[in-house]
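Raw upload_33.cif, mmCIF, C-alpha atoms:
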data_model
#
loop_
_atom_site.label_atom_id
_atom_site.label_comp_id
_atom_site.auth_asym_id
_atom_site.auth_seq_id
_atom_site.Cartn_x
_atom_site.Cartn_y
_atom_site.Cartn_z
CA MET A 1 -65.63 25.72 39.95
CA ASN A 2 -68.21 22.96 39.97
CA PRO A 3 -68.88 22.16 43.63
CA MET A 4 -70.86 19.06 42.79
CA ASN A 5 -68.06 17.31 40.91
CA PRO A 6 -66.39 15.92 44.05
CA LEU A 7 -69.79 14.86 45.36
CA HIS A 8 -70.20 12.73 42.25
CA ILE A 9 -66.77 11.18 42.73
CA GLU A 10 -67.32 10.42 46.41
CA ASN A 11 -70.75 8.99 45.66
CA THR A 12 -69.06 6.67 43.16
CA ARG A 13 -66.82 5.51 45.97
CA ARG A 14 -69.86 4.94 48.17
CA SER A 15 -72.05 3.42 45.46
CA PHE A 16 -71.88 -0.12 46.83
CA LEU A 17 -72.78 1.01 50.31
CA GLY A 18 -76.05 2.71 49.50
CA THR A 19 -77.30 0.01 47.16
CA SER A 20 -76.07 -3.11 48.90
CA ILE A 21 -77.27 -2.13 52.35
CA ALA A 22 -80.50 -0.38 51.49
CA ALA A 23 -81.65 -2.55 48.62
CA GLY A 24 -79.53 -5.71 48.71
CA LEU A 25 -78.70 -5.39 45.03
CA ALA A 26 -76.05 -7.35 43.16
CA LEU A 27 -72.64 -5.81 42.61
CA PRO A 28 -72.55 -2.97 40.08
CA THR A 29 -71.75 -4.07 36.55
CA ALA A 30 -69.13 -1.33 36.14
CA PHE A 31 -66.93 -2.76 38.86
CA SER A 32 -67.41 -6.30 37.59
CA LEU A 33 -66.40 -5.40 34.03
CA LEU A 34 -63.46 -3.35 35.24
CA SER A 35 -62.21 -6.21 37.34
CA ALA A 36 -62.79 -8.79 34.65
CA ARG A 37 -60.58 -6.84 32.26
CA ALA A 38 -57.88 -6.61 34.92
CA HIS A 39 -58.06 -10.30 35.64
CA ALA A 40 -58.03 -11.27 31.98
CA GLN A 41 -54.79 -9.40 31.40
CA ASP A 42 -53.14 -10.64 34.60
CA ALA A 43 -54.07 -14.25 33.90
CA LYS A 44 -52.10 -14.16 30.62
CA SER A 45 -49.02 -12.65 32.18
CA ALA A 46 -46.19 -14.10 34.16
CA ALA A 47 -46.53 -11.37 36.74
CA PRO A 48 -45.77 -12.20 40.38
CA LYS A 49 -48.80 -12.90 42.54
CA LEU A 50 -49.98 -10.61 45.31
CA LYS A 51 -52.51 -12.10 47.70
CA ILE A 52 -55.07 -9.75 49.18
CA ALA A 53 -57.81 -10.17 51.77
CA VAL A 54 -60.71 -7.96 52.78
CA VAL A 55 -62.06 -7.16 56.24
CA GLY A 56 -65.37 -5.39 55.79
CA CYS A 57 -67.21 -6.51 52.64
CA GLY A 58 -69.76 -3.73 52.43
CA GLY A 59 -69.69 -1.10 49.72
CA ARG A 60 -66.32 0.44 50.44
CA GLY A 61 -64.49 -2.81 51.10
CA THR A 62 -65.82 -4.46 47.96
CA GLY A 63 -65.03 -1.37 45.92
CA ALA A 64 -61.48 -1.29 47.27
CA MET A 65 -61.10 -4.99 46.46
CA PHE A 66 -61.89 -4.35 42.80
CA ASN A 67 -59.65 -1.26 42.80
CA ALA A 68 -56.79 -3.45 44.08
CA ILE A 69 -57.42 -6.08 41.41
CA ASP A 70 -57.41 -3.49 38.64
CA ALA A 71 -54.29 -1.83 40.08
CA GLY A 72 -52.36 -5.01 39.29
CA LYS A 73 -52.41 -4.08 35.61
CA THR A 74 -50.22 -1.08 36.40
CA SER A 75 -48.14 -2.39 39.28
CA GLY A 76 -47.20 -5.61 37.53
CA TYR A 77 -48.89 -8.00 39.94
CA THR A 78 -51.41 -10.75 39.42
CA ILE A 79 -53.91 -10.16 42.20
CA GLU A 80 -55.56 -13.06 43.99
CA VAL A 81 -58.25 -12.56 46.63
CA VAL A 82 -57.58 -15.23 49.24
CA ALA A 83 -59.96 -14.34 52.08
CA LEU A 84 -63.10 -12.31 52.80
CA GLY A 85 -64.31 -11.33 56.26
CA ASP A 86 -67.29 -9.38 57.56
CA LEU A 87 -69.61 -9.34 60.54
CA PHE A 88 -72.52 -10.29 58.26
CA ALA A 89 -72.56 -13.43 56.11
CA GLU A 90 -74.62 -11.89 53.31
CA ARG A 91 -71.95 -9.27 52.66
CA VAL A 92 -69.22 -11.86 52.38
CA ALA A 93 -71.41 -13.87 50.01
CA ARG A 94 -72.18 -10.79 47.92
CA ALA A 95 -68.51 -9.85 47.58
CA ASN A 96 -67.61 -13.40 46.58
CA ALA A 97 -70.47 -13.48 44.08
CA GLY A 98 -69.12 -10.27 42.59
CA LEU A 99 -65.78 -11.93 41.92
CA VAL A 100 -67.54 -14.82 40.23
CA GLN A 101 -69.82 -12.56 38.19
CA ALA A 102 -66.79 -10.63 36.97
CA GLY A 103 -65.17 -13.85 35.80
CA ILE A 104 -62.25 -13.45 38.16
CA GLN A 105 -62.33 -16.23 40.74
CA GLU A 106 -64.25 -17.66 43.68
CA VAL A 107 -62.85 -17.58 47.19
CA SER A 108 -62.97 -21.00 48.82
CA ALA A 109 -65.67 -21.43 51.48
CA GLN A 110 -63.03 -22.18 54.11
CA PHE A 111 -61.71 -18.63 53.70
CA LEU A 112 -65.05 -16.85 54.04
CA PHE A 113 -65.18 -15.56 57.61
CA THR A 114 -68.05 -13.98 59.50
CA GLY A 115 -68.68 -12.64 62.98
CA PHE A 116 -66.95 -10.18 65.25
CA ASP A 117 -63.72 -12.22 65.12
CA ALA A 118 -63.61 -12.47 61.32
CA TYR A 119 -60.69 -10.04 61.19
CA LYS A 120 -58.60 -12.34 63.39
CA ARG A 121 -59.16 -15.26 61.06
CA VAL A 122 -58.32 -13.16 58.00
CA CYS A 123 -55.06 -12.14 59.66
CA GLU A 124 -54.17 -15.82 60.09
CA THR A 125 -54.24 -16.46 56.32
CA ASP A 126 -51.23 -16.19 54.02
CA CYS A 127 -52.41 -12.94 52.44
CA ASP A 128 -49.86 -10.23 51.66
CA VAL A 129 -52.23 -7.25 51.92
CA ILE A 130 -55.31 -6.68 54.05
CA ILE A 131 -57.97 -4.13 53.10
CA LEU A 132 -59.65 -2.70 56.21
CA ALA A 133 -63.07 -1.24 55.48
CA THR A 134 -65.42 -1.93 58.37
CA PRO A 135 -67.21 0.93 60.18
CA PRO A 136 -64.49 3.26 61.54
CA GLY A 137 -65.01 2.38 65.20
CA PHE A 138 -63.45 -1.04 64.57
CA ARG A 139 -60.52 0.30 62.54
CA SER A 140 -57.81 0.73 65.17
CA ILE A 141 -58.52 -2.73 66.60
CA HIS A 142 -58.32 -4.38 63.20
CA PHE A 143 -55.28 -2.35 62.15
CA ALA A 144 -53.35 -3.38 65.26
CA ALA A 145 -54.13 -7.04 64.54
CA ALA A 146 -53.06 -6.74 60.90
CA VAL A 147 -49.77 -5.13 61.91
CA GLU A 148 -49.20 -7.86 64.49
CA ALA A 149 -49.70 -10.38 61.67
CA LYS A 150 -47.09 -8.49 59.60
CA LYS A 151 -49.41 -7.67 56.71
CA HIS A 152 -49.23 -4.72 54.35
CA ILE A 153 -52.40 -2.67 54.75
CA PHE A 154 -54.86 -0.51 52.88
CA THR A 155 -56.94 1.16 55.58
CA GLU A 156 -59.99 3.20 54.90
CA LYS A 157 -60.37 6.54 56.60
CA PRO A 158 -61.05 7.54 59.33
CA VAL A 159 -59.03 5.25 61.55
CA ALA A 160 -60.67 5.83 64.94
CA VAL A 161 -63.60 7.57 66.59
CA ASP A 162 -62.03 8.63 69.89
CA GLY A 163 -58.71 9.54 71.54
CA PRO A 164 -57.98 6.02 72.83
CA GLY A 165 -58.57 4.63 69.34
CA VAL A 166 -56.18 7.16 67.82
CA ARG A 167 -53.53 6.25 70.38
CA ARG A 168 -53.96 2.54 69.60
CA PHE A 169 -53.65 3.24 65.89
CA LEU A 170 -50.58 5.46 66.35
CA ALA A 171 -48.83 2.76 68.38
CA ALA A 172 -49.58 0.15 65.72
CA ALA A 173 -48.50 2.55 62.96
CA ALA A 174 -45.15 3.05 64.68
CA LYS A 175 -44.72 -0.72 64.85
CA SER A 176 -45.67 -1.09 61.19
CA LYS A 177 -42.83 1.29 60.29
CA GLU A 178 -40.37 -0.71 62.38
CA LEU A 179 -41.45 -3.86 60.52
CA GLY A 180 -41.13 -2.18 57.13
CA LEU A 181 -44.80 -2.68 56.31
CA LYS A 182 -46.48 -0.58 53.63
CA VAL A 183 -49.59 1.30 54.73
CA VAL A 184 -51.84 3.39 52.50
CA ALA A 185 -54.97 5.17 53.73
CA GLY A 186 -58.17 6.01 51.93
CA THR A 187 -57.43 9.74 51.99
CA GLN A 188 -57.25 9.55 48.21
CA ARG A 189 -56.47 13.22 47.59
CA ARG A 190 -52.90 12.38 48.62
CA HIS A 191 -52.78 10.22 45.47
CA GLU A 192 -54.60 12.63 43.15
CA GLN A 193 -52.38 14.35 40.59
CA SER A 194 -54.11 17.74 40.70
CA TYR A 195 -53.65 17.89 44.47
CA ILE A 196 -50.07 16.63 44.36
CA GLU A 197 -48.98 19.27 41.83
CA ALA A 198 -50.87 22.06 43.61
CA MET A 199 -49.37 21.14 46.96
CA GLU A 200 -45.85 21.19 45.51
CA ARG A 201 -46.45 24.77 44.39
CA ILE A 202 -48.03 25.85 47.68
CA HIS A 203 -45.17 24.43 49.72
CA ARG A 204 -42.51 26.07 47.56
CA GLY A 205 -44.17 29.45 48.11
CA ASP A 206 -46.04 30.13 44.88
CA ILE A 207 -48.87 31.83 46.84
CA GLY A 208 -46.48 33.23 49.43
CA LYS A 209 -46.80 32.35 53.09
CA VAL A 210 -49.95 30.38 53.91
CA VAL A 211 -51.92 32.46 56.41
CA ALA A 212 -55.40 30.86 56.43
CA ALA A 213 -57.61 28.32 54.73
CA ARG A 214 -61.21 27.26 54.35
CA CYS A 215 -62.59 23.79 53.73
CA TYR A 216 -66.10 22.55 53.05
CA TRP A 217 -68.11 19.39 52.67
CA ASN A 218 -71.70 20.55 52.34
CA MET A 219 -74.24 18.17 50.80
CA GLY A 220 -77.56 16.43 51.31
CA SER A 221 -78.27 13.33 53.33
CA LEU A 222 -76.75 9.91 52.69
CA TRP A 223 -78.27 6.45 53.06
CA ASN A 224 -79.90 5.13 56.20
CA VAL A 225 -81.19 1.73 57.31
CA SER A 226 -84.35 1.49 59.40
CA PRO A 227 -84.10 -0.67 62.53
CA GLU A 228 -85.84 -4.03 62.62
CA ALA A 229 -87.59 -5.35 65.70
CA THR A 230 -86.14 -8.83 65.12
CA LYS A 231 -82.57 -7.53 65.42
CA THR A 232 -80.69 -6.46 68.54
CA GLU A 233 -79.87 -2.83 69.17
CA VAL A 234 -76.20 -3.47 68.40
CA GLU A 235 -76.98 -5.10 65.05
CA ASN A 236 -79.39 -2.35 64.05
CA GLN A 237 -76.82 0.30 64.92
CA VAL A 238 -74.00 -1.48 63.08
CA ARG A 239 -76.18 -1.78 59.98
CA ASN A 240 -76.97 1.95 60.27
CA TRP A 241 -73.47 2.79 61.50
CA LEU A 242 -73.12 6.24 59.94
CA TYR A 243 -75.53 7.73 62.49
CA HIS A 244 -73.87 6.44 65.66
CA SER A 245 -70.70 8.16 66.82
CA TRP A 246 -69.29 5.04 68.48
CA LEU A 247 -69.13 3.53 64.98
CA SER A 248 -68.62 6.51 62.64
CA GLY A 249 -67.33 9.32 64.84
CA ASP A 250 -70.13 11.49 63.38
CA HIS A 251 -70.04 12.74 59.79
CA ILE A 252 -67.29 15.27 60.52
CA VAL A 253 -65.00 12.32 61.28
CA GLU A 254 -66.35 9.84 58.76
CA GLN A 255 -66.54 12.20 55.77
CA HIS A 256 -65.12 15.66 56.41
CA VAL A 257 -61.82 14.07 57.42
CA HIS A 258 -60.95 14.31 53.70
CA GLN A 259 -60.85 18.12 53.78
CA LEU A 260 -59.20 18.22 57.19
CA ASP A 261 -56.50 15.90 55.87
CA VAL A 262 -55.86 18.38 53.05
CA MET A 263 -55.56 21.15 55.67
CA GLN A 264 -52.96 19.08 57.50
CA TRP A 265 -51.14 18.65 54.21
CA VAL A 266 -51.25 22.39 53.55
CA MET A 267 -50.25 23.52 57.04
CA GLN A 268 -47.62 20.81 57.61
CA ALA A 269 -48.44 21.03 61.32
CA ASP A 270 -51.06 19.95 63.83
CA PRO A 271 -53.70 22.39 65.12
CA VAL A 272 -53.17 23.86 68.55
CA LEU A 273 -56.85 24.37 69.34
CA VAL A 274 -60.35 24.20 67.85
CA ARG A 275 -63.58 25.94 68.74
CA GLY A 276 -66.92 25.81 67.02
CA VAL A 277 -70.59 24.97 66.82
CA GLY A 278 -72.78 22.21 65.51
CA GLY A 279 -76.13 20.57 65.90
CA ARG A 280 -79.03 18.80 64.20
CA GLN A 281 -81.92 20.60 62.57
CA SER A 282 -83.14 18.45 59.68
CA ARG A 283 -82.27 14.90 60.75
CA THR A 284 -84.10 14.64 64.06
CA ASP A 285 -85.66 11.17 63.81
CA ALA A 286 -83.54 9.06 66.16
CA LYS A 287 -84.83 5.79 64.67
CA LEU A 288 -83.36 6.69 61.28
CA TYR A 289 -80.54 9.07 62.17
CA GLY A 290 -79.32 8.05 65.61
CA HIS A 291 -77.86 10.91 67.59
CA ILE A 292 -75.23 12.48 65.32
CA PHE A 293 -75.27 16.12 64.19
CA ASP A 294 -76.16 17.26 60.67
CA HIS A 295 -73.89 20.34 60.60
CA PHE A 296 -70.61 21.63 62.04
CA GLY A 297 -68.83 24.98 61.81
CA LEU A 298 -65.33 25.13 63.28
CA GLU A 299 -62.24 27.30 63.55
CA TYR A 300 -58.90 25.51 63.91
CA VAL A 301 -55.94 27.49 65.20
CA TYR A 302 -52.57 26.41 63.77
CA PRO A 303 -49.04 27.41 64.83
CA GLY A 304 -47.82 30.71 63.41
CA ASP A 305 -51.08 32.61 63.92
CA ARG A 306 -52.73 30.69 61.09
CA PHE A 307 -56.29 29.39 61.11
CA VAL A 308 -58.61 27.10 59.17
CA LEU A 309 -62.36 27.61 58.84
CA SER A 310 -64.08 24.24 58.51
CA MET A 311 -67.72 23.69 57.56
CA CYS A 312 -69.64 20.50 56.85
CA ARG A 313 -73.30 19.62 56.67
CA GLN A 314 -75.59 16.85 55.46
CA GLN A 315 -78.97 18.52 54.94
CA ASP A 316 -81.31 17.89 52.03
CA GLY A 317 -82.31 20.92 49.96
CA THR A 318 -79.13 22.86 50.73
CA ASP A 319 -76.39 24.03 48.37
CA GLY A 320 -73.48 21.69 47.85
CA LYS A 321 -69.88 22.77 48.27
CA VAL A 322 -66.90 20.44 48.53
CA GLU A 323 -63.55 22.18 48.20
CA GLU A 324 -60.55 23.74 49.92
CA ILE A 325 -59.44 27.37 49.57
CA ILE A 326 -55.98 28.37 50.78
CA SER A 327 -55.05 32.01 51.33
CA GLY A 328 -51.43 33.03 51.03
CA SER A 329 -49.65 36.36 51.42
CA GLU A 330 -49.26 36.58 47.62
CA GLY A 331 -52.18 34.62 46.21
CA MET A 332 -54.78 31.90 46.70
CA ALA A 333 -55.30 28.25 45.84
CA GLU A 334 -58.67 26.66 45.08
CA LEU A 335 -58.85 22.88 45.10
CA ASN A 336 -61.42 20.20 44.58
CA SER A 337 -61.33 16.80 42.99
CA GLY A 338 -59.72 17.08 39.56
CA VAL A 339 -59.45 20.87 39.80
CA ALA A 340 -56.62 23.07 41.09
CA ASN A 341 -56.14 26.80 40.49
CA LEU A 342 -53.55 29.19 41.92
CA THR A 343 -53.95 32.95 41.65
CA GLY A 344 -51.38 35.71 42.17
CA PRO A 345 -48.02 36.46 40.55
CA LYS A 346 -47.43 32.74 39.96
CA ALA A 347 -50.91 31.88 38.72
CA TRP A 348 -51.36 28.29 37.59
CA LYS A 349 -54.14 25.92 36.56
CA PHE A 350 -53.90 22.16 36.58
CA ASN A 351 -54.09 20.71 33.08
CA GLY A 352 -52.20 17.49 33.65
CA LYS A 353 -53.18 13.86 33.34
CA GLN A 354 -55.61 12.90 36.06
CA THR A 355 -55.80 9.24 37.05
CA ASN A 356 -58.54 7.78 39.21
CA PRO A 357 -57.26 8.44 42.76
CA TYR A 358 -59.22 5.48 44.18
CA LEU A 359 -57.28 3.26 41.82
CA GLN A 360 -53.99 5.15 42.16
CA GLU A 361 -53.80 4.65 45.93
CA HIS A 362 -53.69 0.89 45.34
CA VAL A 363 -51.20 1.25 42.50
CA ASP A 364 -48.94 3.23 44.82
CA LEU A 365 -49.27 0.63 47.58
CA GLN A 366 -48.50 -2.25 45.24
CA ASN A 367 -45.56 -0.43 43.65
CA ALA A 368 -44.09 0.22 47.10
CA ILE A 369 -44.39 -3.48 47.93
CA ARG A 370 -42.85 -4.56 44.63
CA THR A 371 -39.91 -2.14 44.85
CA SER A 372 -39.49 -2.25 48.65
CA SER A 373 -39.90 1.53 48.69
CA PRO A 374 -40.89 3.34 51.89
CA LEU A 375 -44.60 4.14 52.02
CA ASN A 376 -46.46 4.34 55.30
CA GLU A 377 -49.39 6.73 55.81
CA GLY A 378 -50.39 5.39 59.21
CA GLU A 379 -49.31 8.29 61.41
CA GLN A 380 -50.50 10.80 58.83
CA VAL A 381 -54.08 9.49 58.65
CA ALA A 382 -54.25 9.02 62.42
CA LYS A 383 -53.43 12.69 62.97
CA SER A 384 -55.97 13.81 60.39
CA THR A 385 -58.54 11.63 62.12
CA LEU A 386 -57.71 13.30 65.44
CA VAL A 387 -58.23 16.73 63.87
CA ALA A 388 -61.77 15.66 62.98
CA ILE A 389 -62.37 14.10 66.41
CA MET A 390 -61.31 17.24 68.25
CA GLY A 391 -63.70 19.23 66.07
CA ARG A 392 -66.56 16.95 67.08
CA MET A 393 -65.54 17.22 70.73
CA ALA A 394 -65.60 21.02 70.54
CA ALA A 395 -69.02 21.15 68.87
CA TYR A 396 -70.56 18.54 71.16
CA SER A 397 -69.28 20.20 74.32
CA GLY A 398 -69.30 23.87 73.35
CA LYS A 399 -65.78 24.10 74.76
CA ASP A 400 -62.44 24.94 73.18
CA VAL A 401 -60.47 21.72 72.70
CA THR A 402 -56.68 21.54 72.39
CA TRP A 403 -54.71 18.97 70.43
CA GLU A 404 -53.34 17.49 73.66
CA GLN A 405 -56.79 17.26 75.22
CA ALA A 406 -58.08 15.30 72.25
CA LEU A 407 -55.04 13.04 72.04
CA THR A 408 -54.97 12.20 75.74
CA SER A 409 -58.75 12.04 76.20
CA ASP A 410 -60.06 9.06 78.16
CA GLU A 411 -63.51 9.28 76.57
CA VAL A 412 -64.16 5.85 75.05
CA LEU A 413 -66.82 5.69 72.37
CA MET A 414 -65.78 2.34 70.91
CA PRO A 415 -65.42 -0.60 73.33
CA GLU A 416 -62.71 -3.15 72.60
CA ALA A 417 -65.24 -6.00 72.70
CA VAL A 418 -68.62 -5.83 70.97
CA GLU A 419 -71.34 -8.46 70.75
CA PHE A 420 -74.95 -8.54 69.63
CA GLY A 421 -77.30 -7.39 72.34
CA PRO A 422 -78.69 -4.25 73.93
CA ARG A 423 -77.17 -0.81 73.39
CA PRO A 424 -79.56 2.03 74.21
CA GLU A 425 -79.55 4.96 71.81
CA ALA A 426 -77.14 7.66 73.02
CA PRO A 427 -78.70 11.07 73.68
CA VAL A 428 -78.01 13.95 71.32
CA ALA A 429 -75.14 16.11 72.61
CA ILE A 430 -76.15 19.48 74.00
CA PRO A 431 -73.29 22.03 74.11
CA GLY A 432 -72.57 23.07 77.67
CA LYS A 433 -74.24 19.98 79.10
CA GLY A 434 -71.88 17.19 78.08
CA ALA A 435 -71.09 15.18 74.97
CA SER A 436 -73.01 12.26 73.51
CA THR A 437 -71.25 8.91 73.81
#
Render the structure in this file as structure tokens.
Amino acid sequence: MNPMNPLHIENTRRSFLGTSIAAGLALPTAFSLLSARAHAQDAKSAAPKLKIAVVGCGGRGTGAMFNAIDAGKTSGYTIEVVALGDLFAERVARANAGLVQAGIQEVSAQFLFTGFDAYKRVCETDCDVIILATPPGFRSIHFAAAVEAKKHIFTEKPVAVDGPGVRRFLAAAAKSKELGLKVVAGTQRRHEQSYIEAMERIHRGDIGKVVAARCYWNMGSLWNVSPEATKTEVENQVRNWLYHSWLSGDHIVEQHVHQLDVMQWVMQADPVLVRGVGGRQSRTDAKLYGHIFDHFGLEYVYPGDRFVLSMCRQQDGTDGKVEEIISGSEGMAELNSGVANLTGPKAWKFNGKQTNPYLQEHVDLQNAIRTSSPLNEGEQVAKSTLVAIMGRMAAYSGKDVTWEQALTSDEVLMPEAVEFGPRPEAPVAIPGKGAST
């Protein structure tokens, strides 16, 4: 297997983020051309219109916007972007410029919203779908508002950074189901053909009874943004959000949630308990890397005497490995993006047609809207997020953490109200001496 393949795919998903934040570059030509082709075809058709809006116009939000536009070619919709919102004005302007550069459209100035309340103003528009792609700490707040506004939603993962945030998201997800809203999450492996076909075989018993699994996201460092003396502590931390757990949940929550979501999919249950270790060895400069860890190693205990070994790290100069390995009583499954192999009496290798999962998740959302089919991944992604959060809690504290402890935890990392101003850097967590908040 090629362990770097999924790194390449995920870096494609993140490509806007690293370049737009660190260098302030224009939107990538690839996305612009892709979107222009989609728009050109839609403009000539008599397809019904689907109005979308974006909350969070950084790399991921802008990328998802173009994915949604291109998805219209398959779903049968003409996609119109009707509103853009972000904390920072330059990101809204850059996203709008990208639409213009791609020859698609220009969002009217009256529907370009900035500031901490931008999400509220986006929710007040007549959009059909809202893309939520701000730093994860804001997600449950924005999701609840979008559900209240009765919008269909594409929400990036993860969806919270603490137990209270997960509970807020779960409550809103339940309401979204009652309202018949469609919700798709950015856990794109759920929309990837190789994973879908492999999971069908695993669940029907092709590798026997699942007894254990391993999952990995090991790689080098990602982007970072140096603080500026002219900006407040809150602004500097939001711009460098990956390295502050109140905004990202730490990299186990922000990134490794992908593999933990696959484990949830495999096990079809929630973990009973997690124990593990973690720390920071290579990213120790607090000005650049805040207080988050750079590695985690965890053991999740699942019902039925099953367990999952989870490992993730972001350390330069180390070997990369991004995959999931599932052990059954009669065989094994090895999965990573675009690759799926089963060994044993019912050996199988994926050779099917593989569509871009970042595009397919929007196609699936739009198809569900068009056909009024049930599709709501809210509860599913909230639980996967909690799996990651409880892992962080265990590593930070050095204590075993149960599912119930994580779900009912009163530890608040993300306040409901945020404004520019002071926010002292949180200390690095020391196991046995309390967690970093």
Shell around Thr343 of chain A at 6 Å using only C-alpha atoms, local window under 3 positions removed, as a PyMOL selection string:
chain A and resi 331-332+347
Provide the atom CA of Leu309 of chain A to atom CA of Val322 of chain A distance in Å, to one decimal place.
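The value is 13.4 Å.
Computed from the coordinates, the atom CA of Ala429 of chain A to atom CA of Val308 of chain A distance equals 24.0 Å.
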Name all residues at most 8 Å from segment 151-164 of chain A (count all atoms listed in the file; drop same-chain ones fewer than 6 positions away) and give them as a ChimeraX atom specification.
/A:123,127-133,136-140,143,181-187,245-249,253-254,257,362,365,381-382,385-386,389,406-414
Hey, can you check how far atom CA of Arg306 of chain A sits from atom CA of Glu377 of chain A?
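Those two atoms sit 24.8 Å apart.
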On this structure, the PyMOL selection byres ((chain A and resi 224) around 8) would catch which residues? List them as number ranges by chain, sorted by chain and number.
A: 22, 222-223, 225-226, 240, 242, 288-289
Could you state which residues are captured by the PyMOL selection byres ((chain A and resi 216) around 8) in this file, as a list in words?
Arg214, Cys215, Trp217, Asn218, His256, Gln259, Ser310, Met311, Cys312, Lys321, Val322, Glu323 and Glu324 of chain A
Same residues, C-alpha atoms, saved as a tab-separated table (two decimals), in the coordinates of the input:
chain	number	residue	atom	x	y	z
A	214	ARG	CA	-61.21	27.26	54.35
A	215	CYS	CA	-62.59	23.79	53.73
A	217	TRP	CA	-68.11	19.39	52.67
A	218	ASN	CA	-71.70	20.55	52.34
A	256	HIS	CA	-65.12	15.66	56.41
A	259	GLN	CA	-60.85	18.12	53.78
A	310	SER	CA	-64.08	24.24	58.51
A	311	MET	CA	-67.72	23.69	57.56
A	312	CYS	CA	-69.64	20.50	56.85
A	321	LYS	CA	-69.88	22.77	48.27
A	322	VAL	CA	-66.90	20.44	48.53
A	323	GLU	CA	-63.55	22.18	48.20
A	324	GLU	CA	-60.55	23.74	49.92
Using the chain letters and numbers from the file, which residues does the PyMOL selection byres ((chain A and resi 261) around 9) grab, as a compact mmCIF listing (two decimals) with C-alpha atoms, in the frame of the given file?
# COMPACT_ATOMS: atom_id res chain seq x y z
CA THR A 187 -57.43 9.74 51.99
CA ARG A 189 -56.47 13.22 47.59
CA ARG A 190 -52.90 12.38 48.62
CA HIS A 256 -65.12 15.66 56.41
CA VAL A 257 -61.82 14.07 57.42
CA HIS A 258 -60.95 14.31 53.70
CA GLN A 259 -60.85 18.12 53.78
CA LEU A 260 -59.20 18.22 57.19
CA VAL A 262 -55.86 18.38 53.05
CA MET A 263 -55.56 21.15 55.67
CA GLN A 264 -52.96 19.08 57.50
CA TRP A 265 -51.14 18.65 54.21
CA VAL A 266 -51.25 22.39 53.55
CA GLN A 380 -50.50 10.80 58.83
CA VAL A 381 -54.08 9.49 58.65
CA LYS A 383 -53.43 12.69 62.97
CA SER A 384 -55.97 13.81 60.39
CA THR A 385 -58.54 11.63 62.12
CA VAL A 387 -58.23 16.73 63.87
CA ALA A 388 -61.77 15.66 62.98
In file coordinates, which residues lie within 9 Å of (-50.1, 24.1, 35.4) using only C-alpha atoms, given as a PDB file with C-alpha atoms, keeping the file's coordinate frame?
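Writing done, so here's out_23.pdb:
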ATOM      1  CA  GLU A 197     -48.980  19.270  41.830  1.00  0.00           C
ATOM      2  CA  ALA A 198     -50.870  22.060  43.610  1.00  0.00           C
ATOM      3  CA  ALA A 340     -56.620  23.070  41.090  1.00  0.00           C
ATOM      4  CA  ASN A 341     -56.140  26.800  40.490  1.00  0.00           C
ATOM      5  CA  LEU A 342     -53.550  29.190  41.920  1.00  0.00           C
ATOM      6  CA  ALA A 347     -50.910  31.880  38.720  1.00  0.00           C
ATOM      7  CA  TRP A 348     -51.360  28.290  37.590  1.00  0.00           C
ATOM      8  CA  LYS A 349     -54.140  25.920  36.560  1.00  0.00           C
ATOM      9  CA  PHE A 350     -53.900  22.160  36.580  1.00  0.00           C
ATOM     10  CA  ASN A 351     -54.090  20.710  33.080  1.00  0.00           C
ATOM     11  CA  GLY A 352     -52.200  17.490  33.650  1.00  0.00           C
TER      12      GLY A 352
END
Polymer residues at most 12 Å from Glu228 of chain A, only C-alpha atoms, same-chain spacing of 2 or more positions, as a ChimeraX atom specification
/A:225-226,230-237,239-240,287-288
From the list A:Gly98, A:Gly320, A:Pro427, A:Gly208, the nearest residue to Phe66 of chain A using only C-alpha atoms is A:Gly98
